[in-house]
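Chemist: Here it is, the structure in full.
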Amino acid sequence: MAEPFVDPGRIRGYHAHIYYDPESRPVAERLRQAIGNHFSVELGRWREQPVGPHPVPMYQAAFSAAEFPRLVPWLMLNRDGLSVLVHPETEDAYDDHTIHALWLGTPLPLRVEGLRRNREPARA
């Protein structure tokens, strides 16, 4: 029997993780400034070392579902070669970073072993 559909009402917001390396950091800085100036987001700190599931340096932009249709298309067109992971915030961090994730650019191999799981599906 097929699993029930997941209710999108479980989404509390979104994260965009913008990945960079030492050579592309100026591009990431320019992108960060534009995101902060043009969108309603909460910018996380620069992570110069891998942290959590993220295998390379990155920073995060947290935003609401209402901001998704403005920010994500803009990132699609303006990420300037950077890899960006966009994922929802639900009660299952593992699924959010894997099966519910959207990659812009080249996907990176995330380290997801330690992410919280919640396998209780919400019915739509």
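Following the order of the structure tokens, chains are lettered A, B, ..., residues in each are numbered from 1, and ligands are numbered from 1.
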Contacts of range 38-41 of chain A at 9 Å or less, counting only C-alpha atoms, minus same-chain residues fewer than 5 places along, as an mmCIF file with N, CA, C and O atoms, in the first residue's frame?

Modeler:
```
data_model
loop_
_atom_site.group_PDB
_atom_site.id
_atom_site.type_symbol
_atom_site.label_atom_id
_atom_site.label_comp_id
_atom_site.auth_asym_id
_atom_site.auth_seq_id
_atom_site.Cartn_x
_atom_site.Cartn_y
_atom_site.Cartn_z
ATOM 1 N N GLN A 33 24.883 39.660 0.255
ATOM 2 C CA GLN A 33 24.485 41.055 0.406
ATOM 3 C C GLN A 33 23.196 41.335 -0.362
ATOM 4 O O GLN A 33 22.289 41.995 0.143
ATOM 5 N N ALA A 61 20.265 31.019 4.631
ATOM 6 C CA ALA A 61 19.229 32.045 4.619
ATOM 7 C C ALA A 61 17.926 31.346 5.002
ATOM 8 O O ALA A 61 17.500 30.411 4.316
ATOM 9 N N ALA A 62 17.327 31.746 6.110
ATOM 10 C CA ALA A 62 16.049 31.191 6.552
ATOM 11 C C ALA A 62 14.944 32.144 6.101
ATOM 12 O O ALA A 62 15.077 33.364 6.233
ATOM 13 N N PHE A 63 13.860 31.577 5.567
ATOM 14 C CA PHE A 63 12.787 32.422 5.045
ATOM 15 C C PHE A 63 11.450 31.720 5.141
ATOM 16 O O PHE A 63 11.369 30.502 5.289
ATOM 17 N N SER A 64 10.402 32.505 5.047
ATOM 18 C CA SER A 64 9.035 31.996 5.179
ATOM 19 C C SER A 64 8.542 31.408 3.864
ATOM 20 O O SER A 64 9.087 31.667 2.788
ATOM 21 N N GLU A 67 7.883 33.918 1.216
ATOM 22 C CA GLU A 67 9.036 34.466 0.500
ATOM 23 C C GLU A 67 9.576 33.492 -0.555
ATOM 24 O O GLU A 67 10.323 33.890 -1.449
ATOM 25 N N ARG A 70 9.442 34.328 -4.335
ATOM 26 C CA ARG A 70 10.288 35.466 -4.725
ATOM 27 C C ARG A 70 11.761 35.082 -4.703
ATOM 28 O O ARG A 70 12.497 35.361 -5.641
ATOM 29 N N LEU A 71 12.199 34.454 -3.600
ATOM 30 C CA LEU A 71 13.619 34.186 -3.407
ATOM 31 C C LEU A 71 14.140 33.039 -4.261
ATOM 32 O O LEU A 71 15.196 33.161 -4.888
#
```

Chemist: Using only C-alpha atoms, which residues sit within 7 Å of range 101-107 of chain A once same-chain residues fewer than 2 positions away are excluded, as a compact mmCIF listing (two decimals) with N, CA, C and O atoms, in the first residue's frame?

Modeler:
```
# COMPACT_ATOMS: atom_id res chain seq x y z
N MET A 76 17.69 30.89 -8.55
CA MET A 76 17.87 30.09 -9.76
C MET A 76 18.64 30.88 -10.82
O MET A 76 19.49 30.34 -11.52
N GLY A 81 26.82 30.25 -10.34
CA GLY A 81 27.63 29.04 -10.30
C GLY A 81 27.73 28.36 -8.96
O GLY A 81 28.27 27.25 -8.87
N LEU A 82 27.24 28.98 -7.90
CA LEU A 82 27.30 28.36 -6.58
C LEU A 82 26.24 27.27 -6.45
O LEU A 82 25.17 27.37 -7.05
N SER A 83 26.54 26.26 -5.67
CA SER A 83 25.54 25.24 -5.34
C SER A 83 24.70 25.75 -4.19
O SER A 83 25.23 26.31 -3.22
N VAL A 84 23.39 25.54 -4.30
CA VAL A 84 22.46 25.99 -3.27
C VAL A 84 21.49 24.84 -2.97
O VAL A 84 20.89 24.27 -3.88
N LEU A 85 21.35 24.54 -1.69
CA LEU A 85 20.37 23.56 -1.23
C LEU A 85 19.21 24.33 -0.63
O LEU A 85 19.40 25.15 0.28
N VAL A 86 18.00 24.09 -1.12
CA VAL A 86 16.79 24.68 -0.55
C VAL A 86 15.97 23.53 0.02
O VAL A 86 15.72 22.54 -0.67
N HIS A 87 15.59 23.67 1.29
CA HIS A 87 14.79 22.60 1.90
C HIS A 87 13.75 23.19 2.84
O HIS A 87 13.94 24.27 3.39
N ASP A 96 13.85 16.42 5.17
CA ASP A 96 13.95 17.79 4.66
C ASP A 96 15.22 17.99 3.83
O ASP A 96 15.19 18.65 2.80
N HIS A 97 16.34 17.42 4.30
CA HIS A 97 17.62 17.60 3.61
C HIS A 97 17.84 16.59 2.48
O HIS A 97 18.81 16.72 1.72
N THR A 98 16.97 15.60 2.36
CA THR A 98 17.16 14.56 1.33
C THR A 98 15.99 14.54 0.35
O THR A 98 16.03 15.24 -0.65
N ILE A 99 14.94 13.81 0.67
CA ILE A 99 13.88 13.61 -0.31
C ILE A 99 13.02 14.84 -0.58
O ILE A 99 12.40 14.94 -1.62
N PRO A 109 27.39 15.88 -1.62
CA PRO A 109 27.07 14.72 -0.77
C PRO A 109 26.95 15.15 0.69
O PRO A 109 27.95 15.42 1.35
```

Chemist: With distances taken over only C-alpha atoms, which of A:Glu113, A:Glu42, A:Ile11, A:Leu77 is nearest to Thr90 in chain A?

Modeler: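 Closest residue, counting only C-alpha atoms: A:Ile11.
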
Chemist: Can you tell me how far CA of His54 in chain A sits from CA of Ala34 in chain A, in Å to one decimal?

Modeler: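 Computing the Euclidean distance for CA of His54 in chain A and CA of Ala34 in chain A yields 22.6 Å.
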
Chemist: Could you give me, as a list in words, each residue of range 3-63 of chain A that DSSP assigns to strand (DSSP E or B) when run on this structure's backbone?

Modeler: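 Matching residues, listed in order: Tyr14, His15, Ala16, His17, Ile18, Tyr19, Val41, Glu42, Leu43, Arg47, Val51, His54, Met58, Tyr59, Gln60, Ala61, Ala62 and Phe63 of chain A.
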
Chemist: Determine which residues of chain A receive a DSSP assignment of helix (DSSP H, G or I), computed from the backbone, and state them as a ChimeraX atom specification.

Modeler: /A:8-10,25-38,65-78,93-97

Chemist: Keeping N, CA and C atoms, export the residues of the selection given above as an mmCIF file, in the first residue's frame.

Modeler:
```
data_model
loop_
_atom_site.group_PDB
_atom_site.id
_atom_site.type_symbol
_atom_site.label_atom_id
_atom_site.label_comp_id
_atom_site.auth_asym_id
_atom_site.auth_seq_id
_atom_site.Cartn_x
_atom_site.Cartn_y
_atom_site.Cartn_z
ATOM 1 N N PRO A 8 1.612 19.648 3.076
ATOM 2 C CA PRO A 8 2.527 20.781 3.018
ATOM 3 C C PRO A 8 2.289 21.798 4.128
ATOM 4 N N GLY A 9 1.174 21.684 4.832
ATOM 5 C CA GLY A 9 0.929 22.552 5.974
ATOM 6 C C GLY A 9 1.927 22.325 7.107
ATOM 7 N N ARG A 10 2.680 21.230 7.038
ATOM 8 C CA ARG A 10 3.721 20.949 8.041
ATOM 9 C C ARG A 10 4.950 21.839 7.857
ATOM 10 N N ARG A 25 34.315 32.523 -2.560
ATOM 11 C CA ARG A 25 33.770 33.306 -1.441
ATOM 12 C C ARG A 25 33.360 34.716 -1.866
ATOM 13 N N PRO A 26 34.122 35.446 -2.707
ATOM 14 C CA PRO A 26 33.637 36.771 -3.124
ATOM 15 C C PRO A 26 32.274 36.720 -3.817
ATOM 16 N N VAL A 27 32.019 35.679 -4.586
ATOM 17 C CA VAL A 27 30.707 35.508 -5.228
ATOM 18 C C VAL A 27 29.648 35.286 -4.151
ATOM 19 N N ALA A 28 29.968 34.449 -3.152
ATOM 20 C CA ALA A 28 29.037 34.177 -2.059
ATOM 21 C C ALA A 28 28.757 35.443 -1.250
ATOM 22 N N GLU A 29 29.765 36.285 -1.065
ATOM 23 C CA GLU A 29 29.584 37.548 -0.336
ATOM 24 C C GLU A 29 28.645 38.481 -1.093
ATOM 25 N N ARG A 30 28.848 38.586 -2.386
ATOM 26 C CA ARG A 30 27.992 39.446 -3.224
ATOM 27 C C ARG A 30 26.541 38.949 -3.196
ATOM 28 N N LEU A 31 26.385 37.633 -3.307
ATOM 29 C CA LEU A 31 25.059 37.037 -3.280
ATOM 30 C C LEU A 31 24.386 37.265 -1.924
ATOM 31 N N ARG A 32 25.140 37.083 -0.848
ATOM 32 C CA ARG A 32 24.609 37.276 0.501
ATOM 33 C C ARG A 32 24.106 38.702 0.702
ATOM 34 N N GLN A 33 24.883 39.660 0.255
ATOM 35 C CA GLN A 33 24.485 41.055 0.406
ATOM 36 C C GLN A 33 23.196 41.335 -0.362
ATOM 37 N N ALA A 34 23.097 40.827 -1.578
ATOM 38 C CA ALA A 34 21.884 41.034 -2.377
ATOM 39 C C ALA A 34 20.677 40.362 -1.738
ATOM 40 N N ILE A 35 20.857 39.151 -1.223
ATOM 41 C CA ILE A 35 19.750 38.451 -0.559
ATOM 42 C C ILE A 35 19.266 39.271 0.632
ATOM 43 N N GLY A 36 20.193 39.728 1.454
ATOM 44 C CA GLY A 36 19.834 40.508 2.632
ATOM 45 C C GLY A 36 19.161 41.828 2.305
ATOM 46 N N ASN A 37 19.547 42.433 1.175
ATOM 47 C CA ASN A 37 18.986 43.727 0.784
ATOM 48 C C ASN A 37 17.624 43.633 0.111
ATOM 49 N N HIS A 38 17.321 42.506 -0.516
ATOM 50 C CA HIS A 38 16.123 42.420 -1.351
ATOM 51 C C HIS A 38 15.037 41.469 -0.851
ATOM 52 N N ALA A 65 7.452 30.660 3.983
ATOM 53 C CA ALA A 65 6.820 30.101 2.783
ATOM 54 C C ALA A 65 6.360 31.215 1.844
ATOM 55 N N ALA A 66 5.951 32.341 2.404
ATOM 56 C CA ALA A 66 5.503 33.464 1.570
ATOM 57 C C ALA A 66 6.651 34.038 0.735
ATOM 58 N N GLU A 67 7.883 33.918 1.216
ATOM 59 C CA GLU A 67 9.036 34.466 0.500
ATOM 60 C C GLU A 67 9.576 33.492 -0.555
ATOM 61 N N PHE A 68 9.170 32.220 -0.478
ATOM 62 C CA PHE A 68 9.665 31.198 -1.400
ATOM 63 C C PHE A 68 9.512 31.587 -2.873
ATOM 64 N N PRO A 69 8.325 32.011 -3.331
ATOM 65 C CA PRO A 69 8.178 32.307 -4.769
ATOM 66 C C PRO A 69 8.954 33.527 -5.245
ATOM 67 N N ARG A 70 9.442 34.328 -4.335
ATOM 68 C CA ARG A 70 10.288 35.466 -4.725
ATOM 69 C C ARG A 70 11.761 35.082 -4.703
ATOM 70 N N LEU A 71 12.199 34.454 -3.600
ATOM 71 C CA LEU A 71 13.619 34.186 -3.407
ATOM 72 C C LEU A 71 14.140 33.039 -4.261
ATOM 73 N N VAL A 72 13.439 31.925 -4.314
ATOM 74 C CA VAL A 72 13.973 30.749 -5.006
ATOM 75 C C VAL A 72 14.145 30.990 -6.508
ATOM 76 N N PRO A 73 13.173 31.572 -7.215
ATOM 77 C CA PRO A 73 13.436 31.881 -8.631
ATOM 78 C C PRO A 73 14.603 32.857 -8.814
ATOM 79 N N TRP A 74 14.728 33.805 -7.902
ATOM 80 C CA TRP A 74 15.847 34.751 -7.981
ATOM 81 C C TRP A 74 17.168 34.003 -7.822
ATOM 82 N N LEU A 75 17.235 33.069 -6.863
ATOM 83 C CA LEU A 75 18.446 32.272 -6.694
ATOM 84 C C LEU A 75 18.730 31.418 -7.926
ATOM 85 N N MET A 76 17.694 30.892 -8.548
ATOM 86 C CA MET A 76 17.874 30.089 -9.760
ATOM 87 C C MET A 76 18.635 30.880 -10.824
ATOM 88 N N LEU A 77 18.311 32.150 -10.939
ATOM 89 C CA LEU A 77 18.884 32.981 -11.990
ATOM 90 C C LEU A 77 20.153 33.714 -11.575
ATOM 91 N N ASN A 78 20.419 33.817 -10.274
ATOM 92 C CA ASN A 78 21.505 34.679 -9.812
ATOM 93 C C ASN A 78 22.526 34.003 -8.907
ATOM 94 N N ALA A 93 14.164 16.428 9.936
ATOM 95 C CA ALA A 93 15.342 17.055 9.329
ATOM 96 C C ALA A 93 15.984 16.160 8.277
ATOM 97 N N TYR A 94 15.931 14.849 8.479
ATOM 98 C CA TYR A 94 16.525 13.925 7.506
ATOM 99 C C TYR A 94 15.812 14.054 6.154
ATOM 100 N N ASP A 95 14.505 13.888 6.168
ATOM 101 C CA ASP A 95 13.749 13.987 4.915
ATOM 102 C C ASP A 95 13.836 15.391 4.315
ATOM 103 N N ASP A 96 13.850 16.421 5.166
ATOM 104 C CA ASP A 96 13.953 17.790 4.660
ATOM 105 C C ASP A 96 15.220 17.986 3.835
ATOM 106 N N HIS A 97 16.338 17.422 4.296
ATOM 107 C CA HIS A 97 17.624 17.596 3.614
ATOM 108 C C HIS A 97 17.841 16.594 2.478
#
```

Chemist: For Pro88 in chain A, which of A:Arg111, A:Arg117, A:His17, A:Arg12 is the closest residue, counting only C-alpha atoms?

Modeler: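 Nearest candidate to Pro88 in chain A out of A:Arg111, A:Arg117, A:His17, A:Arg12: A:Arg12.
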
Chemist: Quick one, how far is CA of Arg47 in chain A from CA of Gln60 in chain A?

Modeler: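 Computed distance, CA of Arg47 in chain A to CA of Gln60 in chain A, equals 8.9 Å.
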